[in-house]
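Structure data (compact mmCIF, C-alpha atoms) from target_10.txt:
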# COMPACT_ATOMS: atom_id res chain seq x y z
CA MET A 1 101.11 53.20 71.17
CA THR A 2 98.50 52.14 73.69
CA VAL A 3 95.98 49.60 72.50
CA LYS A 4 92.62 49.70 74.20
CA LEU A 5 90.64 46.49 74.10
CA ASP A 6 86.89 46.13 74.28
CA PRO A 7 85.74 43.96 77.17
CA PRO A 8 85.18 40.34 76.12
CA ARG A 9 81.62 39.31 75.43
CA VAL A 10 81.04 36.70 78.10
CA LYS A 11 77.89 34.85 79.05
CA HIS A 12 77.96 34.60 82.81
CA SER A 13 76.54 31.71 84.82
CA ARG A 14 74.10 32.15 87.67
CA ALA A 15 76.80 31.09 90.12
CA SER A 16 78.62 34.29 89.24
CA ASP A 17 75.66 36.31 90.54
CA GLU A 18 76.81 35.70 94.10
CA ASN A 19 80.37 34.54 93.60
CA ASP A 20 82.71 37.25 92.31
CA ARG A 21 85.53 34.76 91.86
CA ILE A 22 83.51 32.73 89.36
CA TRP A 23 82.58 35.96 87.58
CA PHE A 24 86.26 36.74 87.07
CA TYR A 25 87.12 33.18 85.99
CA GLU A 26 84.44 33.45 83.32
CA GLU A 27 85.82 36.81 82.24
CA LEU A 28 89.34 35.31 82.06
CA GLU A 29 88.01 32.43 79.95
CA GLY A 30 86.46 34.97 77.58
CA GLU A 31 89.68 36.99 77.41
CA ILE A 32 91.74 33.90 76.57
CA LEU A 33 89.30 32.90 73.83
CA ASP A 34 89.39 36.46 72.48
CA PHE A 35 93.17 36.29 72.34
CA ALA A 36 93.08 32.90 70.59
CA ARG A 37 90.60 34.31 68.06
CA TYR A 38 92.88 37.29 67.42
CA VAL A 39 95.95 35.09 66.91
CA LYS A 40 94.00 32.79 64.56
CA ARG A 41 92.89 35.75 62.42
CA HIS A 42 96.16 37.64 62.54
CA TYR A 43 98.31 34.68 61.47
CA ASP A 44 95.59 33.20 59.31
CA ILE A 45 95.71 29.82 61.05
CA LYS A 46 93.16 27.35 59.66
CA TYR A 47 93.19 24.66 62.30
CA ASN A 48 95.88 23.72 64.71
CA GLU A 49 95.55 20.65 66.93
CA THR A 50 98.22 21.78 69.37
CA SER A 51 96.49 25.14 69.90
CA MET A 52 93.20 23.34 70.44
CA ALA A 53 94.83 21.03 72.99
CA HIS A 54 96.24 24.08 74.80
CA LEU A 55 92.86 25.82 74.85
CA LYS A 56 91.17 22.66 76.11
CA ARG A 57 93.70 22.40 78.89
CA ILE A 58 93.22 26.03 79.89
CA GLY A 59 89.43 25.56 79.78
CA SER A 60 89.63 22.51 81.95
CA SER A 61 91.88 24.31 84.48
CA ILE A 62 89.49 27.27 84.66
CA ASN A 63 86.61 24.86 85.10
CA ASN A 64 88.47 23.26 88.02
CA LEU A 65 89.03 26.68 89.57
CA LYS A 66 85.32 27.46 89.21
CA MET A 67 84.39 24.12 90.74
CA VAL A 68 86.67 24.64 93.75
CA SER A 69 85.29 28.13 94.28
CA GLY A 70 81.72 26.91 93.73
CA LEU A 71 82.20 24.17 96.33
CA GLY A 72 83.33 26.79 98.83
CA PHE A 73 80.21 28.83 98.21
CA GLY A 74 77.91 25.82 97.85
CA ASP A 75 76.69 26.86 94.38
CA VAL A 76 78.24 24.26 92.06
CA ALA A 77 74.97 23.73 90.18
CA GLY A 78 74.88 27.40 89.26
CA ILE A 79 78.15 27.10 87.32
CA TYR A 80 76.32 25.37 84.46
CA ASP A 81 73.14 27.40 84.77
CA TYR A 82 72.95 30.10 82.10
CA SER A 83 69.33 31.09 82.62
CA GLU A 84 68.16 34.73 82.90
CA PRO A 85 70.62 36.82 84.93
CA ASN A 86 69.79 38.48 88.23
CA PRO A 87 68.81 42.07 87.28
CA HIS A 88 70.15 43.41 90.59
CA ARG A 89 73.63 42.03 90.05
CA GLU A 90 76.30 44.71 89.97
CA LYS A 91 78.49 44.30 86.94
CA PRO A 92 81.40 44.37 87.19
CA PRO A 93 81.55 43.42 90.89
CA LEU A 94 81.91 46.31 93.27
CA PHE A 95 85.65 46.06 93.92
CA MET A 96 86.35 46.33 90.19
CA THR A 97 84.40 49.55 89.93
CA LYS A 98 85.20 52.18 87.38
CA GLU A 99 85.67 55.84 88.15
CA GLU A 100 82.06 56.76 87.42
CA ASN A 101 80.55 54.43 90.03
CA ALA A 102 83.44 54.51 92.46
CA HIS A 103 83.42 55.82 96.01
CA TYR A 104 85.42 58.82 94.96
CA LYS A 105 85.82 61.42 92.26
CA ALA A 106 89.30 61.65 90.76
CA TYR A 107 90.46 64.33 88.36
CA THR A 108 93.44 66.35 87.26
CA VAL A 109 93.56 70.10 87.64
CA GLU A 110 95.40 71.40 84.60
CA GLU A 111 97.14 74.70 84.25
CA LYS A 112 94.69 77.32 83.04
CA LYS A 113 95.33 80.06 80.55
CA LYS A 114 96.80 83.12 82.17
CA GLN A 115 94.02 85.46 83.22
CA PHE A 116 94.75 89.09 82.65
CA PRO A 117 93.30 91.39 85.26
CA LYS A 118 89.99 92.82 84.12
CA LYS A 119 89.92 96.52 83.34
CA PRO A 120 88.01 98.42 86.03
CA ASN A 121 84.61 99.60 84.82
CA LYS A 122 84.37 103.02 86.45
CA GLU A 123 80.66 103.51 85.75
CA PHE A 124 79.87 100.19 87.38
CA LEU A 125 82.03 101.00 90.40
CA LYS A 126 80.39 104.41 90.80
CA ASP A 127 76.97 102.78 90.69
CA LEU A 128 78.10 100.14 93.18
CA ALA A 129 79.41 102.83 95.56
CA ARG A 130 76.10 104.70 95.23
CA LYS A 131 74.10 101.56 95.98
CA CYS A 132 76.39 100.66 98.84
CA TYR A 133 75.85 104.09 100.41
CA ARG A 134 72.08 103.65 100.03
CA GLY A 135 72.29 100.22 101.68
CA GLU A 136 71.35 98.31 98.54
CA VAL A 137 74.72 96.58 98.38
CA PHE A 138 76.44 94.76 101.22
CA THR A 139 80.24 94.45 101.19
CA SER A 140 82.78 92.42 103.12
CA ASN A 141 84.08 95.67 104.66
CA GLN A 142 80.88 95.77 106.68
CA VAL A 143 81.61 92.42 108.32
CA GLU A 144 83.56 93.14 111.48
CA ASP A 145 84.30 89.51 112.38
CA LYS A 146 86.18 88.25 109.30
CA SER A 147 85.63 84.61 110.34
CA MET A 148 81.95 85.23 109.50
CA LEU A 149 82.70 85.94 105.82
CA GLY A 150 82.07 82.32 104.81
CA SER A 151 78.67 82.40 106.52
CA VAL A 152 77.64 85.75 105.06
CA PHE A 153 78.84 85.06 101.51
CA MET A 154 77.86 81.39 101.48
CA VAL A 155 78.99 80.89 97.92
CA PHE A 156 82.60 81.50 98.97
CA GLY A 157 82.26 79.52 102.18
CA LEU A 158 81.05 76.42 100.35
CA MET A 159 83.75 76.34 97.69
CA ASP A 160 85.95 73.26 97.51
CA PRO A 161 89.73 73.77 97.79
CA VAL A 162 90.19 73.72 93.99
CA GLN A 163 87.65 76.53 93.54
CA SER A 164 89.18 78.46 96.44
CA LYS A 165 92.61 78.12 94.82
CA ASP A 166 91.24 79.43 91.52
CA LEU A 167 89.60 82.32 93.30
CA ALA A 168 92.74 83.16 95.28
CA LYS A 169 94.63 83.51 91.99
CA GLN A 170 92.34 86.37 91.01
CA LYS A 171 93.26 88.14 94.25
CA PRO A 172 89.86 89.30 95.50
CA VAL A 173 89.98 92.18 97.96
CA LEU A 174 86.35 93.19 98.45
CA ILE A 175 83.33 90.91 98.21
CA TYR A 176 79.93 92.42 97.52
CA SER A 177 76.38 91.28 97.12
CA TYR A 178 73.01 92.91 96.46
CA MET A 179 70.64 93.10 99.42
CA LYS A 180 67.73 92.13 97.16
CA ASP A 181 69.45 88.73 96.74
CA SER A 182 69.88 88.08 100.46
CA ALA A 183 68.41 84.96 102.04
CA GLU A 184 65.34 85.23 104.25
CA LYS A 185 67.32 84.55 107.40
CA GLY A 186 70.72 85.84 108.47
CA ILE A 187 73.39 84.77 110.93
CA ASN A 188 74.51 86.83 113.98
CA GLY A 189 72.77 89.90 112.63
CA TYR A 190 74.43 89.64 109.24
CA PRO A 191 72.57 88.87 106.03
CA CYS A 192 73.38 85.72 104.04
CA PHE A 193 73.95 85.60 100.29
CA TRP A 194 73.98 82.75 97.82
CA SER A 195 75.51 84.89 95.11
CA ALA A 196 78.31 87.41 95.29
CA GLY A 197 80.89 89.24 93.26
CA PHE A 198 84.34 90.53 94.10
CA LEU A 199 86.62 93.42 93.29
CA ASN A 200 90.38 93.27 92.99
CA ALA A 201 92.76 95.73 94.67
CA GLU A 202 92.64 98.32 91.88
CA GLU A 203 88.83 98.23 91.66
CA THR A 204 88.48 98.40 95.45
CA LYS A 205 90.62 101.53 95.53
CA ILE A 206 88.39 103.22 92.94
CA PHE A 207 85.22 101.97 94.64
CA GLU A 208 86.34 103.39 98.00
CA SER A 209 87.26 106.73 96.47
CA TYR A 210 83.72 106.98 95.00
CA TYR A 211 82.12 105.83 98.23
CA PHE A 212 83.91 108.38 100.41
CA ALA A 213 83.30 111.13 97.83
CA ILE A 214 79.54 110.40 98.01
CA LYS A 215 79.67 110.26 101.81
CA GLU A 216 81.54 113.57 102.00
CA ALA A 217 79.15 115.24 99.56
CA VAL A 218 76.09 114.07 101.52
CA ASP A 219 77.62 115.00 104.88
CA GLY A 220 78.48 118.42 103.45
CA ILE A 221 74.82 119.28 102.78
CA GLN A 222 73.66 121.79 105.37
CA MET B 223 109.33 60.29 109.11
CA ALA B 224 108.39 63.82 108.02
CA SER B 225 105.01 64.11 106.35
CA ASN B 226 104.65 65.78 102.96
CA LYS B 227 101.37 67.33 104.01
CA ILE B 228 101.05 71.02 103.26
CA THR B 229 98.78 73.68 104.70
CA PHE B 230 95.92 75.36 102.84
CA LYS B 231 98.00 78.52 102.48
CA GLN B 232 100.84 76.54 100.89
CA PHE B 233 98.34 74.72 98.67
CA LEU B 234 97.12 78.03 97.24
CA ASP B 235 100.62 78.74 95.94
CA LYS B 236 101.26 75.32 94.40
CA PRO B 237 101.38 75.20 90.59
CA GLU B 238 99.17 73.10 88.35
CA PRO B 239 98.85 70.38 87.28
CA TYR B 240 97.96 68.56 90.45
CA TYR B 241 95.78 65.53 91.01
CA VAL B 242 92.65 65.31 93.12
CA VAL B 243 90.79 62.45 94.76
CA ASP B 244 87.60 63.54 96.45
CA VAL B 245 85.95 60.74 98.43
CA LYS B 246 82.17 60.78 98.37
CA TYR B 247 80.63 61.92 101.62
CA GLU B 248 78.74 58.68 102.30
CA HIS B 249 81.96 56.64 102.12
CA TRP B 250 83.97 58.91 104.40
CA ASN B 251 84.11 58.18 108.13
CA ASP B 252 86.58 58.32 111.04
CA THR B 253 88.06 54.88 110.34
CA VAL B 254 88.67 55.62 106.65
CA GLU B 255 90.06 59.04 107.54
CA LYS B 256 92.52 57.51 110.00
CA SER B 257 93.71 54.85 107.53
CA VAL B 258 94.06 57.34 104.67
CA SER B 259 95.94 59.77 106.88
CA GLU B 260 98.39 57.07 108.05
CA VAL B 261 99.04 55.79 104.54
CA LEU B 262 99.53 59.28 103.11
CA THR B 263 101.91 60.31 105.91
CA ASN B 264 104.13 57.32 105.23
CA GLN B 265 103.90 56.74 101.51
CA THR B 266 103.36 59.91 99.49
CA THR B 267 106.12 60.77 97.04
CA GLY B 268 105.40 64.49 96.70
CA TRP B 269 103.45 67.20 98.47
CA TYR B 270 99.80 66.57 99.31
CA TYR B 271 96.97 68.58 100.78
CA SER B 272 94.10 67.00 102.69
CA ALA B 273 90.93 68.65 103.93
CA SER B 274 88.44 66.10 105.21
CA SER B 275 87.60 63.86 102.24
CA PHE B 276 89.40 66.08 99.70
CA HIS B 277 92.96 65.15 98.73
CA ALA B 278 95.22 66.90 96.24
CA PHE B 279 98.56 65.44 95.19
CA GLU B 280 101.64 66.61 93.34
CA ASN B 281 102.17 63.17 91.81
CA ALA B 282 99.41 61.25 90.04
CA LYS B 283 100.51 57.89 91.43
CA ASP B 284 99.83 59.11 94.99
CA CYS B 285 96.10 59.18 94.14
CA ASP B 286 96.27 55.38 94.13
CA LEU B 287 97.05 55.44 97.85
CA VAL B 288 93.60 56.82 98.67
CA LYS B 289 91.92 54.58 96.08
CA GLY B 290 93.82 51.62 97.55
CA VAL B 291 92.63 52.31 101.10
CA LEU B 292 89.02 52.56 99.88
CA SER B 293 89.30 49.31 97.88
CA TRP B 294 90.86 47.56 100.84
CA LYS B 295 87.98 48.64 103.09
CA GLU B 296 85.59 47.29 100.47
CA LEU B 297 87.41 43.94 100.24
CA VAL B 298 87.53 43.29 103.98
CA LYS B 299 83.83 44.09 104.42

Translate the structure of the given file into structure tokens.
Amino acid sequence: MTVKLDPPRVKHSRASDENDRIWFYEELEGEILDFARYVKRHYDIKYNETSMAHLKRIGSSINNLKMVSGLGFGDVAGIYDYSEPNPHREKPPLFMTKEENAHYKAYTVEEKKKQFPKKPNKEFLKDLARKCYRGEVFTSNQVEDKSMLGSVFMVFGLMDPVQSKDLAKQKPVLIYSYMKDSAEKGINGYPCFWSAGFLNAEETKIFESYYFAIKEAVDGIQ
Amino acid sequence: MASNKITFKQFLDKPEPYYVVDVKYEHWNDTVEKSVSEVLTNQTTGWYYSASSFHAFENAKDCDLVKGVLSWKELVK
């Protein structure tokens, strides 16, 4: 069983505003007193002279440590000053930062539930093929230089590796986007999109069969 | 010593769970990158993938290597 403790309630001196070491000594003092309080309650100790002598000795040692550190920083007076704290002081000091204010974001990527391949929606694919033939839909098949795909379909280009890994699992084959959603400016003659969808291998096969059927039918008109 | 670094293609095939440390852009520079890269090459215990400030690890304890480098930079400032 893991026991999580609340941080000790410590009143910090003004010397600790600038001197991290004093800040931690004061925290340590608070932690020791918290522990003593817990032991007293847990074992129902009324008063114990030996314990008091021990606590006094610890307190005096911590005070000495604070004094030595304060002398180094030239802020001994501040050790006994408990006036209003500096509102700009970072608490806890920067090198004891927690995850939320740290210089990084750390997380675990857990195994996701198995995703079953979606059933192809033939009506949707027929409509997509129709729109693609009319030039209302732009697909990755129309991008000759495949290194440009990330610039054309920005949303895929700007994914972080975790998102790319998730996407790769779904095995996309054809990326598409609606021309009405294209950005005002394009790159190298290609349009740019901030939103896009994709088809898997099975859907792409159906889409292409519809597309070429439409093309053949239109070409066949005399 | 052989590095445990894997390519993006290999990363795509790695199973979950894996552990990520993504350093914030404003705290990422050439010096940090060099230090992190050296430490990871020598001390990782499982596979890892790095792409700029993004790092993914097979073992959770390897995340501490990146965090350690960042804390060290902060301490010596």

Mind listing as a ChimeraX atom specification which residues of chain A are within 7 Å of chain B, counting all atoms listed in the file?
-> /A:95,103-111,165

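All protein, DNA and RNA residues at most 12 Å from (82.3, 28.0, 98.5) are Ala15, Ser16, Glu18, Asn19, Asp20, Arg21, Ile22, Leu65, Lys66, Met67, Val68, Ser69, Gly70, Leu71, Gly72, Phe73, Gly74, Asp75, Val76, Ala77, Gly78 and Ile79 of chain A, using only C-alpha atoms.
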
Gap from CA of Val143 (chain A) to CA of Lys118 (chain A) - Å, one decimal |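 The value is 25.6 Å.
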
Find the distance between CA of His12 (chain A) and CA of Tyr82 (chain A) and write it in Å to one decimal.
->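 Here the two named atoms are 6.8 Å from each other.
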
Tell me, as a PyMOL selection string, which residues lie within 6 Å of Ser182 (chain A), counting all atoms listed in the file; anything in the same chain fewer than 3 positions away does not count.
-> chain A and resi 179+192-193

Near Gly150 (chain A), counting all atoms listed in the file, which residues have an atom at most 10 Å away, once you skip same-chain residues fewer than 5 positions from it, shown as a list in words?
->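 So the residues in contact are Val155, Phe156, Gly157, Leu158, Met159, Cys192 and Phe193 of chain A.
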
For Lys122 (chain A), which residue out of A:Thr204, A:Ser13, A:Asn141, A:Thr2 is the nearest one, using all atoms listed in the file?
->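 Of all the options, A:Thr204 lies closest to Lys122 (chain A).
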
Quick one: residues within 10 Å of Ile187 (chain A), all atoms listed in the file counted, chain neighbours fewer than 2 positions away excluded, as a list in words?
->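 Listing them by chain and then by number gives Met148, Ser151, Val152, Lys185, Gly189, Tyr190, Pro191 and Cys192 of chain A.
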
Leaving out Phe153 (chain A) and any residue of its chain fewer than 6 positions from it, which residues lie within 9 Å of it when counting only C-alpha atoms, given as a PyMOL selection string?
-> chain A and resi 140+175-177+191-196

Selection file, C-alpha atoms, as a JSON list (two decimals), in the coordinates of the input:
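File written: out-v3.json
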[["chain", "number", "residue", "atom", "x", "y", "z"],
["A", 140, "SER", "CA", 82.78, 92.42, 103.12],
["A", 175, "ILE", "CA", 83.33, 90.91, 98.21],
["A", 176, "TYR", "CA", 79.93, 92.42, 97.52],
["A", 177, "SER", "CA", 76.38, 91.28, 97.12],
["A", 191, "PRO", "CA", 72.57, 88.87, 106.03],
["A", 192, "CYS", "CA", 73.38, 85.72, 104.04],
["A", 193, "PHE", "CA", 73.95, 85.60, 100.29],
["A", 194, "TRP", "CA", 73.98, 82.75, 97.82],
["A", 195, "SER", "CA", 75.51, 84.89, 95.11],
["A", 196, "ALA", "CA", 78.31, 87.41, 95.29]]

So what do you get for CA of Thr139 (chain A) versus CA of Tyr178 (chain A), distance-wise?
-> 8.8 Å

Neighbours of region 45-61 of chain A within 12 Å (all atoms listed in the file; same-chain residues fewer than 6 positions away dropped), as a ChimeraX atom specification?
-> /A:25-26,28-39,67-68

Please work out which residues fall within 12 Å of (101.7, 56.2, 104.1), coordinates as given in the file, with only C-alpha atoms counting, and return them as a ChimeraX atom specification.
-> /B:223-227,256-268,270,284-288,290-291
